[in-house]
Amino acid sequence: MPLHVSIATRAFRRYSTYTAATLAGIFTNCVFGVIVCFVYTAVWDQSPRAGGYDVQDALTYAWLGQAMIMTVAVWGGGSPDDLAERIRSGDVALDFYRPVGILGWYVAADLGRATFHLLTRGIAPTIVGALLFDLRWPSGPITWLAVAASIPLAVLVSFSLRFLVAASGFWILDSQGTKVLAASAAVFFSGLTVPLVLFPGWLQDVAVLLPWATFLQVPADIWLGQRSGLEVLAGLGLQLFWAVALLAGCALVLRTAERKVVVQGG
Amino acid sequence: MGLIEARGLSRTFTVYKRSGRLNRTRTEVRAVHDLDLAIEPGEMVGYIGPNGAGKSTTIKMLTGILVPTGGHLRVAGVDPSRKRRALAHRIGVVFGQRTTLWWDLPLRDSFELLQKIYRVPSDRFRTNLAEFVELLDLGDLLDTPVRQLSLGQRMRGDITAALLHDPEILYLDEPTIGLDVISKGRLREFLRTLNAERGVTLLLTTHDLQDIEALCRRVIVIDHGTKVFDGALTELHRQGGSTRTLVVDLVDEAPPISVEGATARRVEGPRQWLSFPADASAAPLVAAVAAAYDVADLSIQEPDIEDVIRELYSRS
């Protein structure tokens, strides 16, 4: 097994050891899913075509949101938290001396984690949601494929943002504050609380292009069929653009940090 | 050619201090200054000095994770900071207060990841792992997550982790810190075996001078970034003017014993403490004391290396 696959499998296994936490998490997602559904039902009762969604779209969006919370780690966490801790403790110096790239390591670990969270905290609440409400499903195999491509891209974009936040610790030592700030931005601009399609005029125009839009709004719109044909490709393109741009940013920041640690001496 | 060669190795740090509201003053701190080192394959060298002497800075430069600001440095024939990745395959590092193991994973998983990182051939990996598990008594711990290990167990795990890829050089930074006496003893025994059987070169920084006494024939003492001593442990004793102590229990109380080659340092009832040079033999002294006095018991205290080093520090 290649190194990075091993890293990912072990990250997966690491999260899978906490069964109670996983079950509690799934329960929480279900409760919030139901609450959000009640709110959305009230909203779409008042304006049945709000944001171009019908009530079935809105309810599905609510459950997709619950499914993506942990998968993309909207609130922060995942492997960048390990990096933050290693920067704080100084153990990161050991990472620099290993004959393996740091960024690739953390990407692999976070993909392993995301796979676990998708399979548990993603799929389980969606099934519960489908049992309780009448949800919309992707219209065909192509749409399923597009969703399947969209989710890992969402994870990569969110990983890069979380990694950048953690890497800020190289300069400000404790990245906790940055993390809280970043989490608030992520929760708001991902459309987790209010779908971006309900944002007013110019704010919506901007928000749908920001990296956070790729966490939930893009995959959800592909799932719901709100994007079709070339729009699907445009959505995936936006995700790919942010993933590549931000990962490049991560690599650059890491190089600078390495120079700082190795040349300036921490 | 030596395995580790440094000439005029230096490292300065630029430190900014606040002075007043907006101004910062720039000071240069010389962590390591004009250090010469030559270590041959198979040596076990103790690298000691007080806190802030420059020990860890030196180790960081030797591993390539810190670039020297001056001087010439070659480890295993290469410049560490330029060939860090390549060199990593040939050295192992253990930091007593840091861990290379993965917190949430069983020890075995960490080892398997390291096998992949260092591309250790499977059969070599299995042989090494079996041997270290045996020597360090890790058998029952392999499936325990690292976070559940005690400090001593974790240290044994970290040492195994540093050795799985057959490094030629092992740097140990405070390896026995926080360990109990038994764990320390076992660890030293292991390091001795490692050096004797595999010929691994060991460079050991420590505050525990018993580590040095037990393991290293050669000692390098550094203070304020400068080497103040480099030589055999016995030579260190001689230069530091260290003394051994003969503790004599007399049958009756007596005035301070006076024999040639020793001075009575302390008298407490029938017990007396006689100091004599560390490089002198105790035999004639014991004979002289026994001939002149009624002796109930005798014992010899080895020199306290801390005193020796304190003496060196105060002179440098």
# chains A, B, ... in the order shown; residues from 1 in each chain; ligands from 1
call {"tool": "select_by_dssp", "arguments": {"residues": "range 38-283 of chain B", "states": "alpha helix (DSSP H)", "output": "JSON, numbers by chain"}}
result
{"B": [55, 56, 57, 58, 59, 60, 61, 62, 63, 84, 85, 86, 87, 88, 107, 108, 109, 110, 111, 112, 113, 114, 115, 116, 117, 122, 123, 124, 125, 126, 127, 128, 129, 130, 131, 132, 133, 134, 135, 136, 151, 152, 153, 154, 155, 156, 157, 158, 159, 160, 161, 162, 163, 181, 182, 183, 184, 185, 186, 187, 188, 189, 190, 191, 192, 193, 194, 195, 196, 197, 198, 209, 210, 211, 212, 213, 214, 215, 233, 234, 235, 236, 237, 238, 239, 283]}
call {"tool": "interface_residues", "arguments": {"of": "chain A", "to": "chain B", "cutoff": "8 Å", "atoms": "only C-alpha atoms", "output": "number ranges by chain"}}
result
A: 2-3, 6-7, 10, 14, 91, 93-94, 96-100, 261-265
call {"tool": "write_last_selection", "arguments": {"atoms": "N, CA and C atoms", "output": "PDB file, in the first residue's frame"}}
result
ATOM      1  N   PRO A   2       0.651   2.167  -0.927  1.00  0.00           N
ATOM      2  CA  PRO A   2       1.477   3.379  -0.933  1.00  0.00           C
ATOM      3  C   PRO A   2       1.300   4.164   0.372  1.00  0.00           C
ATOM      4  N   LEU A   3       2.330   4.945   0.680  1.00  0.00           N
ATOM      5  CA  LEU A   3       2.358   5.681   1.941  1.00  0.00           C
ATOM      6  C   LEU A   3       1.091   6.483   2.200  1.00  0.00           C
ATOM      7  N   SER A   6      -1.865   4.545   3.138  1.00  0.00           N
ATOM      8  CA  SER A   6      -1.714   4.087   4.526  1.00  0.00           C
ATOM      9  C   SER A   6      -2.073   5.181   5.510  1.00  0.00           C
ATOM     10  N   ILE A   7      -1.619   6.388   5.207  1.00  0.00           N
ATOM     11  CA  ILE A   7      -1.911   7.507   6.103  1.00  0.00           C
ATOM     12  C   ILE A   7      -3.419   7.711   6.191  1.00  0.00           C
ATOM     13  N   ARG A  10      -5.208   5.011   8.126  1.00  0.00           N
ATOM     14  CA  ARG A  10      -5.002   5.109   9.560  1.00  0.00           C
ATOM     15  C   ARG A  10      -5.784   6.263  10.162  1.00  0.00           C
ATOM     16  N   ARG A  14      -8.457   5.851  13.004  1.00  0.00           N
ATOM     17  CA  ARG A  14      -8.333   6.640  14.220  1.00  0.00           C
ATOM     18  C   ARG A  14      -9.685   7.187  14.645  1.00  0.00           C
ATOM     19  N   ASP A  91       6.747  20.280  18.116  1.00  0.00           N
ATOM     20  CA  ASP A  91       7.010  18.981  17.494  1.00  0.00           C
ATOM     21  C   ASP A  91       7.121  19.079  15.976  1.00  0.00           C
ATOM     22  N   ALA A  93       9.002  20.677  14.213  1.00  0.00           N
ATOM     23  CA  ALA A  93      10.395  20.625  13.756  1.00  0.00           C
ATOM     24  C   ALA A  93      10.746  19.211  13.306  1.00  0.00           C
ATOM     25  N   LEU A  94      10.196  18.208  14.000  1.00  0.00           N
ATOM     26  CA  LEU A  94      10.442  16.815  13.634  1.00  0.00           C
ATOM     27  C   LEU A  94       9.821  16.490  12.279  1.00  0.00           C
ATOM     28  N   PHE A  96       9.621  18.434   9.777  1.00  0.00           N
ATOM     29  CA  PHE A  96      10.482  18.960   8.718  1.00  0.00           C
ATOM     30  C   PHE A  96      11.646  18.033   8.439  1.00  0.00           C
ATOM     31  N   TYR A  97      12.034  17.245   9.431  1.00  0.00           N
ATOM     32  CA  TYR A  97      13.209  16.434   9.200  1.00  0.00           C
ATOM     33  C   TYR A  97      12.874  15.068   8.594  1.00  0.00           C
ATOM     34  N   ARG A  98      11.581  14.749   8.557  1.00  0.00           N
ATOM     35  CA  ARG A  98      11.184  13.478   7.930  1.00  0.00           C
ATOM     36  C   ARG A  98      11.310  13.544   6.414  1.00  0.00           C
ATOM     37  N   PRO A  99      11.674  12.410   5.808  1.00  0.00           N
ATOM     38  CA  PRO A  99      11.832  12.446   4.351  1.00  0.00           C
ATOM     39  C   PRO A  99      10.511  12.303   3.608  1.00  0.00           C
ATOM     40  N   VAL A 100       9.515  13.091   3.988  1.00  0.00           N
ATOM     41  CA  VAL A 100       8.217  13.007   3.322  1.00  0.00           C
ATOM     42  C   VAL A 100       7.560  14.385   3.416  1.00  0.00           C
ATOM     43  N   VAL A 261      11.525  28.443  10.115  1.00  0.00           N
ATOM     44  CA  VAL A 261      11.971  27.520  11.155  1.00  0.00           C
ATOM     45  C   VAL A 261      13.435  27.131  10.951  1.00  0.00           C
ATOM     46  N   VAL A 262      13.769  26.813   9.683  1.00  0.00           N
ATOM     47  CA  VAL A 262      15.084  26.238   9.414  1.00  0.00           C
ATOM     48  C   VAL A 262      16.172  27.311   9.314  1.00  0.00           C
ATOM     49  N   VAL A 263      15.825  28.426   8.685  1.00  0.00           N
ATOM     50  CA  VAL A 263      16.857  29.449   8.468  1.00  0.00           C
ATOM     51  C   VAL A 263      16.919  30.435   9.628  1.00  0.00           C
ATOM     52  N   GLN A 264      15.726  30.925  10.022  1.00  0.00           N
ATOM     53  CA  GLN A 264      15.740  31.909  11.119  1.00  0.00           C
ATOM     54  C   GLN A 264      15.781  31.232  12.474  1.00  0.00           C
ATOM     55  N   GLY A 265      15.362  29.986  12.505  1.00  0.00           N
ATOM     56  CA  GLY A 265      15.420  29.251  13.767  1.00  0.00           C
ATOM     57  C   GLY A 265      14.222  29.486  14.643  1.00  0.00           C
TER      58      GLY A 265
END
call {"tool": "residues_around", "arguments": {"residues": "Leu131 in chain A", "least_positions_apart": "4", "cutoff": "12 Å", "atoms": "only C-alpha atoms", "output": "PyMOL selection string"}}
result
chain A and resi 30+34+60+63+124-127+135
call {"tool": "write_last_selection", "arguments": {"atoms": "C-alpha atoms", "output": "short mmCIF file (atom, residue, chain, number, x, y, z; two decimals), in the first residue's frame"}}
result
data_model
loop_
_atom_site.label_atom_id
_atom_site.label_comp_id
_atom_site.auth_asym_id
_atom_site.auth_seq_id
_atom_site.Cartn_x
_atom_site.Cartn_y
_atom_site.Cartn_z
CA CYS A 30 -30.61 14.25 13.09
CA VAL A 34 -35.41 18.12 11.98
CA THR A 60 -33.29 18.16 1.10
CA TRP A 63 -30.26 17.30 5.35
CA ALA A 124 -26.69 8.08 8.47
CA PRO A 125 -28.51 11.42 9.03
CA THR A 126 -29.43 11.52 5.32
CA ILE A 127 -31.17 8.15 5.68
CA LEU A 135 -36.48 14.36 -0.02
#
call {"tool": "closest_residue", "arguments": {"among": "A:Ala149, A:Ala213, A:Phe133, A:Thr120", "to": "Thr19 in chain A", "atoms": "only C-alpha atoms"}}
result
A:Thr120
call {"tool": "residues_around", "arguments": {"residues": "Ser16 in chain A", "least_positions_apart": "2", "cutoff": "12 Å", "atoms": "only C-alpha atoms", "output": "VMD selection string"}}
result
(chain A and resid 9 to 14 18 to 23 112 to 121) or (chain B and resid 104 to 105)
call {"tool": "residues_around", "arguments": {"residues": "Gly51 in chain A", "least_positions_apart": "6", "cutoff": "10 Å", "atoms": "only C-alpha atoms", "output": "NGL selection string"}}
result
:A and (44 or 58 or 195-200)
call {"tool": "atom_distance", "arguments": {"atom1": "CA of Gly139 in chain B", "atom2": "CA of Glu189 in chain B"}}
result
18.0 Å
call {"tool": "residues_around", "arguments": {"residues": "range 203-213 of chain B", "least_positions_apart": "6", "cutoff": "8 Å", "atoms": "only C-alpha atoms", "output": "PDB file with C-alpha atoms, in the first residue's frame"}}
result
ATOM      1  CA  MET B  44      29.367   7.092  22.016  1.00  0.00           C
ATOM      2  CA  VAL B  45      29.728  10.731  22.880  1.00  0.00           C
ATOM      3  CA  GLY B  46      28.115  12.640  25.716  1.00  0.00           C
ATOM      4  CA  TYR B  47      27.276  16.212  24.852  1.00  0.00           C
ATOM      5  CA  ILE B  48      26.619  18.172  27.981  1.00  0.00           C
ATOM      6  CA  GLY B  49      26.221  21.697  29.199  1.00  0.00           C
ATOM      7  CA  PRO B  50      23.854  23.829  31.257  1.00  0.00           C
ATOM      8  CA  LYS B  55      23.175  21.702  22.878  1.00  0.00           C
ATOM      9  CA  ILE B 169      23.907   7.901  13.776  1.00  0.00           C
ATOM     10  CA  LEU B 170      21.451   8.250  16.624  1.00  0.00           C
ATOM     11  CA  TYR B 171      21.002  11.609  18.313  1.00  0.00           C
ATOM     12  CA  LEU B 172      19.419  11.405  21.715  1.00  0.00           C
ATOM     13  CA  ASP B 173      18.280  14.640  23.313  1.00  0.00           C
ATOM     14  CA  GLU B 174      17.569  14.045  27.005  1.00  0.00           C
ATOM     15  CA  PRO B 175      16.455  10.443  26.473  1.00  0.00           C
ATOM     16  CA  THR B 176      16.106   9.578  30.138  1.00  0.00           C
ATOM     17  CA  ILE B 177      14.297  12.729  31.215  1.00  0.00           C
ATOM     18  CA  ARG B 188      21.192   2.573  29.035  1.00  0.00           C
ATOM     19  CA  VAL B 219      32.502  13.808  26.720  1.00  0.00           C
ATOM     20  CA  LEU B 233      35.676  11.071  30.956  1.00  0.00           C
ATOM     21  CA  ILE B 305      30.716  14.720  37.753  1.00  0.00           C
ATOM     22  CA  GLU B 306      28.395  17.647  38.358  1.00  0.00           C
TER      23      GLU B 306
END
call {"tool": "closest_residue", "arguments": {"among": "B:Glu131, B:Val248, B:Ser150, B:Leu62", "to": "Lys83 in chain B", "atoms": "only C-alpha atoms"}}
result
B:Leu62
call {"tool": "select_by_dssp", "arguments": {"residues": "range 33-242 of chain B", "states": "strand (DSSP E)", "output": "PyMOL selection string"}}
result
chain B and resi 33-39+44-48+70-75+91-95+169-173+201-205+218-223+226-232
call {"tool": "decode", "arguments": {"residues": "range 99-218 of chain A", "atoms": "C-alpha atoms", "output": "tab-separated table (two decimals), in the first residue's frame"}}
result
chain	number	residue	atom	x	y	z
A	99	PRO	CA	11.83	12.45	4.35
A	100	VAL	CA	8.22	13.01	3.32
A	101	GLY	CA	6.24	16.10	2.30
A	102	ILE	CA	4.18	17.68	5.05
A	103	LEU	CA	1.30	18.94	2.91
A	104	GLY	CA	0.69	15.59	1.20
A	105	TRP	CA	0.73	13.93	4.60
A	106	TYR	CA	-1.95	16.18	6.03
A	107	VAL	CA	-4.08	16.07	2.86
A	108	ALA	CA	-4.07	12.25	2.99
A	109	ALA	CA	-4.91	12.21	6.69
A	110	ASP	CA	-7.81	14.63	6.21
A	111	LEU	CA	-9.19	12.70	3.25
A	112	GLY	CA	-9.16	9.58	5.43
A	113	ARG	CA	-11.01	11.45	8.15
A	114	ALA	CA	-13.51	12.92	5.67
A	115	THR	CA	-14.24	9.48	4.25
A	116	PHE	CA	-15.08	8.23	7.72
A	117	HIS	CA	-17.28	11.24	8.47
A	118	LEU	CA	-19.04	10.98	5.11
A	119	LEU	CA	-19.83	7.31	5.65
A	120	THR	CA	-21.11	7.86	9.19
A	121	ARG	CA	-22.10	11.45	9.93
A	122	GLY	CA	-22.93	12.05	6.27
A	123	ILE	CA	-24.94	9.03	5.21
A	124	ALA	CA	-26.69	8.08	8.47
A	125	PRO	CA	-28.51	11.42	9.03
A	126	THR	CA	-29.43	11.52	5.32
A	127	ILE	CA	-31.17	8.15	5.68
A	128	VAL	CA	-32.97	9.33	8.80
A	129	GLY	CA	-33.98	12.52	6.99
A	130	ALA	CA	-35.30	10.50	4.06
A	131	LEU	CA	-37.40	8.39	6.42
A	132	LEU	CA	-38.93	11.44	8.09
A	133	PHE	CA	-39.34	13.78	5.10
A	134	ASP	CA	-39.93	13.52	1.39
A	135	LEU	CA	-36.48	14.36	-0.02
A	136	ARG	CA	-35.28	14.92	-3.58
A	137	TRP	CA	-32.62	12.57	-4.99
A	138	PRO	CA	-30.16	13.11	-7.83
A	139	SER	CA	-31.98	12.60	-11.11
A	140	GLY	CA	-29.67	10.08	-12.73
A	141	PRO	CA	-26.27	8.38	-12.76
A	142	ILE	CA	-24.53	11.42	-14.28
A	143	THR	CA	-25.82	13.61	-11.47
A	144	TRP	CA	-24.71	11.01	-8.89
A	145	LEU	CA	-21.26	11.00	-10.51
A	146	ALA	CA	-21.10	14.78	-10.40
A	147	VAL	CA	-22.07	14.72	-6.70
A	148	ALA	CA	-19.42	12.08	-6.08
A	149	ALA	CA	-16.81	14.32	-7.71
A	150	SER	CA	-18.04	17.40	-5.91
A	151	ILE	CA	-17.70	16.06	-2.35
A	152	PRO	CA	-13.93	15.32	-2.37
A	153	LEU	CA	-13.34	18.70	-4.01
A	154	ALA	CA	-15.34	20.34	-1.22
A	155	VAL	CA	-13.17	18.51	1.31
A	156	LEU	CA	-9.97	19.68	-0.41
A	157	VAL	CA	-11.09	23.32	-0.42
A	158	SER	CA	-12.10	23.18	3.23
A	159	PHE	CA	-8.89	21.33	4.10
A	160	SER	CA	-6.80	24.08	2.50
A	161	LEU	CA	-8.61	26.79	4.43
A	162	ARG	CA	-8.23	24.89	7.71
A	163	PHE	CA	-4.59	24.18	6.92
A	164	LEU	CA	-3.90	27.87	6.27
A	165	VAL	CA	-5.53	28.74	9.59
A	166	ALA	CA	-3.40	26.16	11.41
A	167	ALA	CA	-0.26	27.32	9.60
A	168	SER	CA	-0.88	30.87	10.85
A	169	GLY	CA	0.40	29.38	14.12
A	170	PHE	CA	3.92	29.53	12.69
A	171	TRP	CA	3.74	33.30	13.06
A	172	ILE	CA	1.20	33.94	15.80
A	173	LEU	CA	1.97	30.79	17.84
A	174	ASP	CA	-1.59	30.07	18.84
A	175	SER	CA	-4.02	29.72	15.98
A	176	GLN	CA	-7.10	29.28	18.20
A	177	GLY	CA	-8.37	32.80	17.59
A	178	THR	CA	-7.93	32.55	13.84
A	179	LYS	CA	-9.73	29.22	13.97
A	180	VAL	CA	-12.81	30.70	15.65
A	181	LEU	CA	-12.87	33.56	13.15
A	182	ALA	CA	-12.49	31.18	10.23
A	183	ALA	CA	-15.24	28.90	11.56
A	184	SER	CA	-17.71	31.79	11.79
A	185	ALA	CA	-16.93	32.81	8.22
A	186	ALA	CA	-17.28	29.19	7.10
A	187	VAL	CA	-20.65	28.66	8.81
A	188	PHE	CA	-22.07	31.86	7.33
A	189	PHE	CA	-20.63	31.75	3.80
A	190	SER	CA	-21.06	28.01	3.29
A	191	GLY	CA	-24.81	28.49	3.45
A	192	LEU	CA	-25.12	26.12	6.37
A	193	THR	CA	-27.52	28.33	8.32
A	194	VAL	CA	-29.18	30.17	5.44
A	195	PRO	CA	-28.77	28.83	1.89
A	196	LEU	CA	-26.72	31.23	-0.22
A	197	VAL	CA	-29.61	31.37	-2.71
A	198	LEU	CA	-31.57	33.34	-0.09
A	199	PHE	CA	-28.82	35.96	0.34
A	200	PRO	CA	-29.83	39.39	-0.97
A	201	GLY	CA	-28.62	40.63	-4.40
A	202	TRP	CA	-24.96	41.63	-4.40
A	203	LEU	CA	-24.08	39.60	-1.32
A	204	GLN	CA	-25.32	36.47	-3.07
A	205	ASP	CA	-23.37	37.37	-6.24
A	206	VAL	CA	-20.18	37.53	-4.20
A	207	ALA	CA	-20.89	34.66	-1.79
A	208	VAL	CA	-21.50	32.06	-4.49
A	209	LEU	CA	-18.00	32.65	-5.84
A	210	LEU	CA	-16.17	32.44	-2.50
A	211	PRO	CA	-14.39	29.22	-1.52
A	212	TRP	CA	-16.96	28.48	1.22
A	213	ALA	CA	-19.69	28.19	-1.45
A	214	THR	CA	-17.99	24.99	-2.56
A	215	PHE	CA	-18.61	23.31	0.83
A	216	LEU	CA	-22.37	22.88	0.56
A	217	GLN	CA	-24.07	25.18	-1.95
A	218	VAL	CA	-22.31	23.75	-5.02
